[in-house]
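Reading through the structure tokens given below for one structure.
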Amino acid sequence: MALTAVEGAGPFSKIDKQTVIGILKAVGSRDPDMLHAQKQKLLAPSKNLKTISYVLMGGGGLLTITVFAAFAGIPLGLFGIWVWRRSARNTAVVEAAFTEFLAS
């Protein structure tokens with residue numbers, strides 16, 4: 001099975017609307033169940049990133065409690081926030097593209 005552009009990309013990559021619409025067109029069917037399954041495949045990496053971001057922010061918060069570990073805790077927490085925002089943006093793009101595809 002060939003990898004799509006989103007599946008072959010790294011977990012931190014940005015997803016654009018045209019890619020999502022192209023993947024949905026590649027399903028080759030207008031069956032709502034098949035399209036929903038493909039949408040869930042597209043959303044899976046973003047859900048994993050959201051969980052990872054919570055761990056990073058929590059770990060950064062715990063490390064920041066001590067003065068010596070704050071050197072690692074602050075960047076870790078900031079990276080967790082960045083990962084969380086990237087996950088939210090990717091989820092929003094997939095949802096918007098899926099709605100647009102169904103409307104057409």
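Labels used: A, B, ... for chains in the order of the structure tokens, numbers from 1 for residues in each chain, and numbers from 1 for ligands as shown.
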
Original post:
How would you write, as a ChimeraX atom specification, the set of residues in region 9-89 of chain A that DSSP gives as helix (DSSP H, G or I)?
Top reply: /A:17-26,32-65,70-89

**OP:** Pick out the residues sitting within 9 Å of region 30-40 of chain A, and hand them over as JSON, numbers by chain; count only C-alpha atoms, and ignore anything fewer than 5 positions along from it in its own chain.
**Re:** {"A": [20, 23, 24, 25, 94, 95, 98, 102]}

Those residues with N, CA and C atoms, as a compact mmCIF listing (two decimals), in the first residue's frame please?
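Listing of selection30.txt after writing:
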# COMPACT_ATOMS: atom_id res chain seq x y z
N VAL A 20 -5.59 17.37 1.94
CA VAL A 20 -6.68 16.60 2.55
C VAL A 20 -7.76 16.31 1.52
N ILE A 23 -6.60 13.61 -0.81
CA ILE A 23 -6.65 12.28 -0.19
C ILE A 23 -8.09 11.77 -0.15
N LEU A 24 -9.03 12.66 0.15
CA LEU A 24 -10.43 12.25 0.17
C LEU A 24 -10.93 11.88 -1.23
N LYS A 25 -10.46 12.60 -2.25
CA LYS A 25 -10.82 12.24 -3.63
C LYS A 25 -10.21 10.90 -4.02
N VAL A 94 -8.15 19.66 8.72
CA VAL A 94 -8.78 18.42 8.27
C VAL A 94 -10.30 18.52 8.36
N GLU A 95 -10.80 19.07 9.46
CA GLU A 95 -12.25 19.23 9.62
C GLU A 95 -12.83 20.16 8.56
N PHE A 98 -12.73 18.45 5.14
CA PHE A 98 -13.72 17.38 5.08
C PHE A 98 -15.12 17.97 4.86
N LEU A 102 -17.43 17.40 1.48
CA LEU A 102 -18.81 16.88 1.53
C LEU A 102 -19.81 17.85 0.90

Subject >> Residue contacts of Tyr54 (chain A) (12 Å, only C-alpha atoms) excluding same-chain residues fewer than 5 positions away, as an MDAnalysis selection string >> reply: chainID A and resid 47:49 59:61 76:85 87

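Those residues that approach Asp16 (chain A) to within 12 Å, counting only C-alpha atoms, are Ala5, Val6, Ser13, Thr19, Val20, Ile21, Gly22, Ile23, Leu42, Arg89, Asn90, Thr91, Ala92, Val93, Val94, Glu95, Ala96, Ala97 and Phe98 of chain A; same-chain residues fewer than 3 positions away are not listed.
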
Would you output that residue set with C-alpha atoms, as a short mmCIF file (atom, residue, chain, number, x, y, z; two decimals), in the first residue's frame?
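Once everything was written out, this is out.cif:
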data_model
loop_
_atom_site.label_atom_id
_atom_site.label_comp_id
_atom_site.auth_asym_id
_atom_site.auth_seq_id
_atom_site.Cartn_x
_atom_site.Cartn_y
_atom_site.Cartn_z
CA ALA A 5 1.55 12.70 1.41
CA VAL A 6 0.28 13.08 4.96
CA SER A 13 4.43 18.45 9.51
CA THR A 19 -3.76 17.72 0.41
CA VAL A 20 -6.68 16.60 2.55
CA ILE A 21 -9.16 17.11 -0.29
CA GLY A 22 -6.84 15.18 -2.63
CA ILE A 23 -6.65 12.28 -0.19
CA LEU A 42 -5.91 11.82 8.86
CA ARG A 89 -4.32 23.72 13.52
CA ASN A 90 -3.96 20.39 11.71
CA THR A 91 -7.23 19.14 13.21
CA ALA A 92 -9.01 22.34 12.15
CA VAL A 93 -7.67 22.04 8.59
CA VAL A 94 -8.78 18.42 8.27
CA GLU A 95 -12.25 19.23 9.62
CA ALA A 96 -12.65 22.25 7.31
CA ALA A 97 -11.45 20.33 4.25
CA PHE A 98 -13.72 17.38 5.08
#

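Straight-line separation from CA of Thr51 (chain A) to CA of Ala88 (chain A): 11.6 Å.
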
Original post:
For the atom pair CA of Ser46 (chain A) and CA of Lys14 (chain A), what is the interatomic distance in Å to one decimal place?
Top reply: 10.2 Å

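Here CA of Ala69 (chain A) is placed at a distance of 29.2 Å from CA of Gly10 (chain A).
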